[in-house]
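Below: coords-v5.tsv (TSV, C-alpha atoms)
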```tsv
chain	number	residue	atom	x	y	z
A	783	MET	CA	-45.96	37.78	1.87
A	784	LEU	CA	-45.72	35.93	5.15
A	785	ILE	CA	-46.28	32.20	5.53
A	786	HIS	CA	-46.82	30.66	8.93
A	787	ARG	CA	-48.60	27.95	10.82
A	788	LEU	CA	-52.04	29.30	11.73
A	789	ASN	CA	-53.13	26.47	13.99
A	790	GLU	CA	-52.81	22.69	14.29
A	791	ASP	CA	-54.45	22.10	10.92
A	792	SER	CA	-53.67	25.11	8.77
A	793	ILE	CA	-50.99	27.25	7.20
A	794	GLU	CA	-51.70	30.90	6.48
A	795	PHE	CA	-50.31	33.09	3.70
A	796	THR	CA	-50.82	36.76	4.58
A	797	ASP	CA	-49.93	40.11	2.99
A	798	ILE	CA	-49.87	38.60	-0.49
A	799	GLU	CA	-49.04	41.42	-2.90
A	800	PRO	CA	-50.77	41.38	-6.32
A	801	ILE	CA	-47.59	40.28	-8.13
A	802	GLU	CA	-47.14	37.45	-5.62
A	803	ALA	CA	-50.77	36.41	-6.08
A	804	ASP	CA	-50.17	36.29	-9.85
A	805	LEU	CA	-47.09	34.12	-9.38
A	806	LEU	CA	-48.99	31.78	-7.07
A	807	ARG	CA	-51.80	31.45	-9.61
A	808	GLN	CA	-49.25	30.48	-12.25
A	809	ILE	CA	-48.17	27.34	-10.31
A	810	PRO	CA	-50.89	24.97	-11.62
A	811	ILE	CA	-50.57	26.41	-15.13
A	812	LEU	CA	-46.80	25.84	-15.18
A	813	CYS	CA	-47.25	22.25	-14.01
A	814	ASP	CA	-48.88	21.32	-17.31
A	815	VAL	CA	-46.01	19.74	-19.27
A	816	ARG	CA	-47.99	18.58	-22.28
A	817	GLY	CA	-45.97	19.04	-25.43
A	818	ASP	CA	-42.67	19.87	-23.75
A	819	SER	CA	-40.30	16.92	-24.02
A	820	ARG	CA	-37.55	18.50	-21.85
A	821	ALA	CA	-39.95	18.99	-18.96
A	822	GLU	CA	-41.41	15.49	-19.45
A	823	LEU	CA	-37.91	14.03	-19.35
A	824	ARG	CA	-37.17	15.68	-16.03
A	825	LEU	CA	-40.47	14.81	-14.37
A	826	PHE	CA	-40.26	11.21	-15.54
A	827	SER	CA	-36.56	10.45	-15.21
A	828	ASN	CA	-35.09	6.97	-15.69
A	829	PRO	CA	-35.21	4.77	-12.59
A	830	ALA	CA	-32.39	2.42	-13.71
A	831	ASP	CA	-29.83	1.94	-16.46
A	832	SER	CA	-30.89	0.58	-19.83
A	833	GLY	CA	-29.80	-2.97	-18.93
A	834	GLU	CA	-32.81	-3.34	-16.64
A	835	VAL	CA	-35.10	-4.01	-19.61
A	836	GLN	CA	-38.01	-5.71	-17.82
A	837	PHE	CA	-37.97	-3.25	-14.94
A	838	LEU	CA	-38.02	-0.29	-17.32
A	839	THR	CA	-40.86	-1.83	-19.36
A	840	ASP	CA	-42.93	-2.43	-16.22
A	841	TRP	CA	-42.11	1.08	-15.00
A	842	GLU	CA	-43.43	2.59	-18.23
A	843	GLU	CA	-46.59	0.53	-18.08
A	844	TYR	CA	-47.50	0.68	-14.39
A	845	VAL	CA	-45.46	3.26	-12.48
A	846	ARG	CA	-45.40	6.16	-14.92
A	847	PRO	CA	-49.22	6.51	-15.01
A	848	GLU	CA	-49.24	6.40	-11.21
A	849	LEU	CA	-46.59	9.15	-11.03
A	850	ARG	CA	-48.57	11.24	-13.49
A	851	HIS	CA	-51.62	10.80	-11.27
A	852	ILE	CA	-49.63	12.01	-8.20
A	853	PHE	CA	-48.42	15.10	-10.08
A	854	VAL	CA	-51.85	15.94	-11.51
A	855	SER	CA	-53.51	15.48	-8.09
A	856	ALA	CA	-51.01	17.84	-6.45
A	857	ARG	CA	-51.66	20.42	-9.14
A	858	ALA	CA	-55.44	20.08	-8.69
A	859	THR	CA	-55.15	20.53	-4.90
A	860	VAL	CA	-53.13	23.73	-5.34
A	861	GLU	CA	-55.55	25.02	-7.97
A	862	LYS	CA	-58.51	24.39	-5.68
A	863	ASP	CA	-56.77	26.07	-2.71
A	864	LEU	CA	-55.89	29.09	-4.85
A	865	GLY	CA	-59.58	29.41	-5.69
A	866	THR	CA	-60.17	30.26	-2.02
A	867	MET	CA	-57.61	33.10	-1.94
A	868	VAL	CA	-59.27	36.18	-0.48
A	869	ASP	CA	-58.72	39.17	-2.76
A	870	ARG	CA	-59.84	42.70	-1.95
A	871	PRO	CA	-58.98	45.39	-4.50
A	872	GLY	CA	-56.26	47.64	-3.12
A	873	TYR	CA	-55.36	45.28	-0.28
A	874	PRO	CA	-52.96	42.36	-0.02
A	875	SER	CA	-54.58	38.94	-0.38
A	876	ARG	CA	-54.80	36.15	2.17
A	877	LEU	CA	-54.83	32.38	1.75
A	878	VAL	CA	-55.30	29.56	4.25
A	879	ILE	CA	-54.43	25.99	3.29
A	880	LEU	CA	-54.74	22.76	5.25
A	881	CYS	CA	-51.50	21.26	6.56
A	882	ALA	CA	-52.74	18.07	4.92
A	883	HIS	CA	-52.32	19.90	1.58
A	884	GLY	CA	-48.74	20.90	2.41
A	885	GLU	CA	-47.19	17.98	0.55
A	886	ALA	CA	-49.29	18.70	-2.54
A	887	TRP	CA	-48.05	22.32	-2.45
A	888	LEU	CA	-44.43	21.23	-2.11
A	889	ASN	CA	-44.90	18.79	-4.97
A	890	ALA	CA	-46.58	21.31	-7.27
A	891	LEU	CA	-43.97	23.99	-6.46
A	892	ASN	CA	-41.25	21.46	-7.22
A	893	GLN	CA	-42.92	20.56	-10.51
A	894	ALA	CA	-43.14	24.24	-11.47
A	895	ARG	CA	-39.48	24.87	-10.59
A	896	LEU	CA	-38.21	21.73	-12.36
A	897	ILE	CA	-40.29	22.46	-15.45
A	898	LEU	CA	-39.09	26.07	-15.67
A	899	ALA	CA	-35.48	24.98	-15.13
A	900	ALA	CA	-35.79	22.33	-17.87
A	901	LYS	CA	-37.60	24.59	-20.35
A	902	PHE	CA	-35.11	27.42	-19.98
A	903	GLU	CA	-32.14	25.04	-19.73
A	904	PHE	CA	-30.62	26.61	-16.65
A	905	SER	CA	-27.19	25.29	-15.71
A	906	ASP	CA	-26.35	24.07	-12.21
A	907	GLU	CA	-24.28	27.22	-11.69
A	908	GLU	CA	-27.13	29.51	-12.70
A	909	LEU	CA	-29.52	27.71	-10.37
A	910	SER	CA	-27.06	28.08	-7.50
A	911	LEU	CA	-26.70	31.83	-8.03
A	912	HIS	CA	-28.26	34.02	-5.41
A	913	GLU	CA	-27.27	37.36	-6.86
A	914	VAL	CA	-29.54	40.05	-8.16
A	915	PRO	CA	-29.42	39.82	-11.96
A	916	ARG	CA	-27.74	42.67	-13.86
A	917	SER	CA	-30.27	42.59	-16.66
A	918	PHE	CA	-33.97	41.75	-16.63
A	919	SER	CA	-34.31	39.46	-19.59
A	920	ARG	CA	-37.13	36.89	-19.66
A	921	ARG	CA	-34.59	34.28	-18.55
A	922	ASP	CA	-33.48	36.39	-15.54
A	923	LEU	CA	-37.08	36.87	-14.49
A	924	VAL	CA	-37.77	33.13	-14.76
A	925	LEU	CA	-34.78	32.48	-12.48
A	926	LEU	CA	-36.25	34.92	-9.96
A	927	GLN	CA	-39.57	33.08	-10.24
A	928	ILE	CA	-37.83	29.72	-9.57
A	929	ASN	CA	-36.17	31.24	-6.49
A	930	PHE	CA	-39.47	32.78	-5.33
A	931	TYR	CA	-41.11	29.35	-5.44
A	932	ALA	CA	-38.10	27.89	-3.59
A	933	ALA	CA	-38.59	30.44	-0.81
A	934	ILE	CA	-42.26	29.44	-0.51
A	935	GLN	CA	-41.24	25.78	-0.30
A	936	GLU	CA	-38.81	26.60	2.53
A	937	ARG	CA	-41.52	28.42	4.47
A	938	ILE	CA	-44.06	25.63	3.97
A	939	ILE	CA	-41.50	23.06	5.18
A	940	ASP	CA	-40.87	25.24	8.26
A	941	ALA	CA	-44.60	25.59	8.85
A	942	LEU	CA	-45.14	21.84	8.51
A	943	GLU	CA	-42.35	21.18	10.99
A	944	GLY	CA	-43.98	23.65	13.37
A	945	CYS	CA	-40.86	25.81	13.46
A	946	THR	CA	-42.95	28.93	13.78
A	947	ASP	CA	-45.69	29.66	16.25
A	948	ALA	CA	-49.13	30.96	15.43
A	949	ASP	CA	-47.80	34.52	15.21
A	950	GLY	CA	-45.15	33.59	12.71
A	951	ARG	CA	-42.28	34.25	15.13
A	952	GLU	CA	-39.25	31.97	15.06
B	765	MET	CA	-39.72	-44.05	25.27
B	766	ALA	CA	-37.66	-42.67	22.51
B	767	GLU	CA	-38.13	-39.01	21.79
B	768	THR	CA	-38.44	-37.94	18.21
B	769	ILE	CA	-37.20	-34.53	17.37
B	770	VAL	CA	-38.41	-33.12	14.12
B	771	GLN	CA	-36.34	-30.35	12.77
B	772	HIS	CA	-37.76	-27.99	10.21
B	773	GLU	CA	-35.31	-26.22	8.08
B	774	THR	CA	-36.36	-23.26	6.08
B	775	LYS	CA	-34.11	-22.12	3.36
B	776	VAL	CA	-34.34	-18.46	2.56
B	777	GLU	CA	-32.83	-17.49	-0.68
B	778	VAL	CA	-30.97	-14.30	-0.16
B	779	GLY	CA	-30.38	-12.64	-3.50
B	780	THR	CA	-28.02	-9.89	-4.42
B	781	PRO	CA	-28.74	-6.73	-2.45
B	782	TRP	CA	-29.86	-3.68	-4.39
B	783	ASN	CA	-29.04	-0.05	-3.76
B	784	VAL	CA	-31.41	2.87	-3.91
B	785	VAL	CA	-29.29	5.78	-5.15
B	786	VAL	CA	-30.31	9.44	-5.09
B	787	HIS	CA	-28.51	11.77	-7.48
B	788	ASN	CA	-27.81	15.47	-7.13
B	789	ASP	CA	-30.24	17.92	-8.63
B	790	PRO	CA	-29.70	21.67	-8.34
B	791	VAL	CA	-33.43	22.38	-8.21
B	792	ASN	CA	-34.50	20.25	-5.25
B	793	LEU	CA	-33.94	22.12	-1.99
B	794	MET	CA	-31.76	20.63	0.72
B	795	SER	CA	-34.55	20.97	3.28
B	796	TYR	CA	-36.99	19.27	0.89
B	797	VAL	CA	-34.63	16.34	0.21
B	798	THR	CA	-34.08	15.90	3.96
B	799	MET	CA	-37.83	15.91	4.58
B	800	VAL	CA	-38.40	13.32	1.82
B	801	PHE	CA	-35.75	10.94	3.26
B	802	GLN	CA	-37.42	11.20	6.66
B	803	LYS	CA	-40.85	10.46	5.19
B	804	VAL	CA	-39.89	7.65	2.82
B	805	PHE	CA	-37.34	5.78	4.95
B	806	GLY	CA	-38.36	6.91	8.41
B	807	TYR	CA	-34.84	8.22	9.02
B	808	SER	CA	-34.02	10.58	11.85
B	809	LYS	CA	-33.39	14.18	10.82
B	810	GLU	CA	-29.63	13.66	11.42
B	811	LYS	CA	-29.44	10.56	9.21
B	812	ALA	CA	-31.59	12.17	6.52
B	813	GLN	CA	-29.34	15.27	6.54
B	814	LYS	CA	-26.21	13.08	6.31
B	815	HIS	CA	-27.53	11.47	3.11
B	816	MET	CA	-28.72	14.81	1.74
B	817	LEU	CA	-25.25	16.31	2.24
B	818	GLU	CA	-23.69	13.26	0.60
B	819	VAL	CA	-25.91	13.86	-2.44
B	820	HIS	CA	-25.03	17.55	-2.40
B	821	HIS	CA	-21.24	17.11	-2.07
B	822	ASN	CA	-20.61	13.80	-3.86
B	823	GLY	CA	-23.35	13.96	-6.47
B	824	ARG	CA	-25.02	10.79	-5.17
B	825	SER	CA	-25.79	8.81	-2.06
B	826	ILE	CA	-26.79	5.20	-1.49
B	827	VAL	CA	-29.78	5.88	0.71
B	828	TRP	CA	-30.92	2.29	1.23
B	829	THR	CA	-29.69	-1.25	0.46
B	830	GLY	CA	-31.72	-4.42	0.60
B	831	VAL	CA	-34.06	-6.74	-1.25
B	832	ARG	CA	-34.97	-5.77	-4.78
B	833	GLU	CA	-38.73	-5.58	-4.37
B	834	ARG	CA	-38.47	-3.06	-1.56
B	835	ALA	CA	-35.77	-1.09	-3.35
B	836	GLU	CA	-38.08	-0.78	-6.39
B	837	LEU	CA	-40.84	0.53	-4.16
B	838	TYR	CA	-38.53	3.11	-2.59
B	839	VAL	CA	-37.35	4.31	-6.02
B	840	GLN	CA	-40.98	4.69	-7.04
B	841	GLN	CA	-41.79	6.70	-3.91
B	842	LEU	CA	-38.77	8.97	-4.42
B	843	HIS	CA	-39.83	9.65	-8.02
B	844	GLY	CA	-43.25	10.63	-6.65
B	845	TYR	CA	-41.40	13.35	-4.73
B	846	LEU	CA	-39.53	14.28	-7.95
B	847	LEU	CA	-36.10	13.21	-6.73
B	848	LEU	CA	-33.61	11.70	-9.18
B	849	ALA	CA	-33.46	8.14	-7.83
B	850	THR	CA	-32.19	4.93	-9.41
B	851	LEU	CA	-31.99	1.25	-8.63
B	852	GLU	CA	-28.52	-0.32	-8.79
B	853	LYS	CA	-27.12	-3.75	-8.02
B	854	SER	CA	-24.95	-3.59	-4.91
B	855	ASP	CA	-21.29	-4.61	-5.32
```

Could you express the structure from this file as structure tokens?
Amino acid sequence: MLIHRLNEDSIEFTDIEPIEADLLRQIPILCDVRGDSRAELRLFSNPADSGEVQFLTDWEEYVRPELRHIFVSARATVEKDLGTMVDRPGYPSRLVILCAHGEAWLNALNQARLILAAKFEFSDEELSLHEVPRSFSRRDLVLLQINFYAAIQERIIDALEGCTDADGRE
Amino acid sequence: MAETIVQHETKVEVGTPWNVVVHNDPVNLMSYVTMVFQKVFGYSKEKAQKHMLEVHHNGRSIVWTGVRERAELYVQQLHGYLLLATLEKSD
């Protein structure tokens, strides 16, 4: 899969292999944290120590619903964009997203990575590993998935900064 | 003719400054954290990278200090980007 700036307004994903398309389609599904307290804890972390009673109460009442709205909106944007992915049996897929949706993609990818890391309780060391795993347990594959999403984030950030030209060259 | 000078004095209560602190998180990418600091605080890429590296190497960085109301708003914005950010009273 290649990700590059298509023009002033758009980012293009080309040569999307079927397994990559599947992983992309999993992003909005993974972002649903309902029922998982570890993931909820990470997405809605404490903004101050417990001594800030009033601030924490107000945060729960007013800010938390707003944050949830931001996260759900990002997920919905990605889901809608993925609905436009061009699939042809036997050929790699193609997807074009608006640069204006770039932040929503980065947010949803971050949600997916944070949720997977929290659910599978990866340590800092494991998350910093960039080696090919020796086994292919479910956990190893999830770590590869987290790193795959990280690579997409890097490319979207590059594309948003205009680091690549329309042909995808550096 | 005598000239009357009226002086207006405005007292501005300057409270304790508050810090916006960002904590290290192995999931958030360095490039992403840099981009967020640029967007939220309007920092140059160099300044944003300096804070990002401070977070990465020291585990935390005071990314902004000032009045409480604004600090609260910044913490809220950083949480919207899924960074681990807290509000702390400045020493």

Dump as a CSV table (one decimal) with C-alpha atoms, in the coordinates of the input the residues of chain A that approach chain B to within 9 Å, counting only C-alpha atoms.
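Below is the file iface-v6.csv, written as the result:
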```
chain,number,residue,atom,x,y,z
A,824,ARG,CA,-37.2,15.7,-16.0
A,825,LEU,CA,-40.5,14.8,-14.4
A,826,PHE,CA,-40.3,11.2,-15.5
A,827,SER,CA,-36.6,10.4,-15.2
A,828,ASN,CA,-35.1,7.0,-15.7
A,829,PRO,CA,-35.2,4.8,-12.6
A,830,ALA,CA,-32.4,2.4,-13.7
A,831,ASP,CA,-29.8,1.9,-16.5
A,837,PHE,CA,-38.0,-3.2,-14.9
A,841,TRP,CA,-42.1,1.1,-15.0
A,845,VAL,CA,-45.5,3.3,-12.5
A,848,GLU,CA,-49.2,6.4,-11.2
A,849,LEU,CA,-46.6,9.2,-11.0
A,850,ARG,CA,-48.6,11.2,-13.5
A,852,ILE,CA,-49.6,12.0,-8.2
A,853,PHE,CA,-48.4,15.1,-10.1
A,888,LEU,CA,-44.4,21.2,-2.1
A,889,ASN,CA,-44.9,18.8,-5.0
A,892,ASN,CA,-41.2,21.5,-7.2
A,893,GLN,CA,-42.9,20.6,-10.5
A,895,ARG,CA,-39.5,24.9,-10.6
A,896,LEU,CA,-38.2,21.7,-12.4
A,899,ALA,CA,-35.5,25.0,-15.1
A,905,SER,CA,-27.2,25.3,-15.7
A,906,ASP,CA,-26.4,24.1,-12.2
A,907,GLU,CA,-24.3,27.2,-11.7
A,909,LEU,CA,-29.5,27.7,-10.4
A,910,SER,CA,-27.1,28.1,-7.5
A,928,ILE,CA,-37.8,29.7,-9.6
A,932,ALA,CA,-38.1,27.9,-3.6
A,935,GLN,CA,-41.2,25.8,-0.3
A,936,GLU,CA,-38.8,26.6,2.5
A,939,ILE,CA,-41.5,23.1,5.2
```

Point-to-point distance in Å for atom CA of Thr859 of chain A and atom CA of His883 of chain A: 7.1 Å

What lies within 8 Å of segment 817-831 of chain B using all atoms listed in the file, ignoring chain neighbours under 2 positions off, as a PyMOL selection string? chain B and resi 779-788+794+813-815+833-835+854

Looking at A:Ile938, A:Val835, A:Ile897, A:Leu925, which one is nearest to Glu822 of chain A, with distances taken over only C-alpha atoms? A:Ile897

Using atom CA of Leu864 of chain A and atom CA of Leu806 of chain A as the two end points, give the distance in Å to one decimal.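 Computing the Euclidean distance for atom CA of Leu864 of chain A and atom CA of Leu806 of chain A yields 7.7 Å.
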
So how many Å separate atom CA of Ala821 of chain A and atom CA of Ala803 of chain A, to one decimal?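 Result for atom CA of Ala821 of chain A versus atom CA of Ala803 of chain A: 24.2 Å, one decimal.
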
Axis-aligned box over every listed atom of segment 908-912 of chain A, padded by 3 Å per side: centre and edges in Å to one decimal, as JSON?
```
{"center_x": -28.1, "center_y": 30.9, "center_z": -9.1, "size_x": 8.8, "size_y": 12.3, "size_z": 13.3}
```

Quick one: everything within 10 Å of Pro874 of chain A, counting only C-alpha atoms, minus sequence neighbours fewer than 4 positions away in the same chain. Send it as a PyMOL selection string. chain A and resi 783+796-803+868-870

Just want the 12 Å neighbourhood of Gly884 of chain A, counted on all atoms listed in the file, with same-chain residues fewer than 3 positions away dropped. Output as number ranges by chain. A: 785-787, 791-794, 856-857, 859-860, 863, 878-881, 887-891, 934-943; B: 796

Gln802 of chain B: which residues within 8 Å, counting all atoms listed in the file, same-chain residues fewer than 6 positions away excluded, as a PDB file with C-alpha atoms, in the coordinates of the input?
```pdb
ATOM      1  CA  SER B 808     -34.020  10.580  11.850  1.00  0.00           C
ATOM      2  CA  LYS B 809     -33.390  14.180  10.820  1.00  0.00           C
ATOM      3  CA  ALA B 812     -31.590  12.170   6.520  1.00  0.00           C
TER       4      ALA B 812
END
```
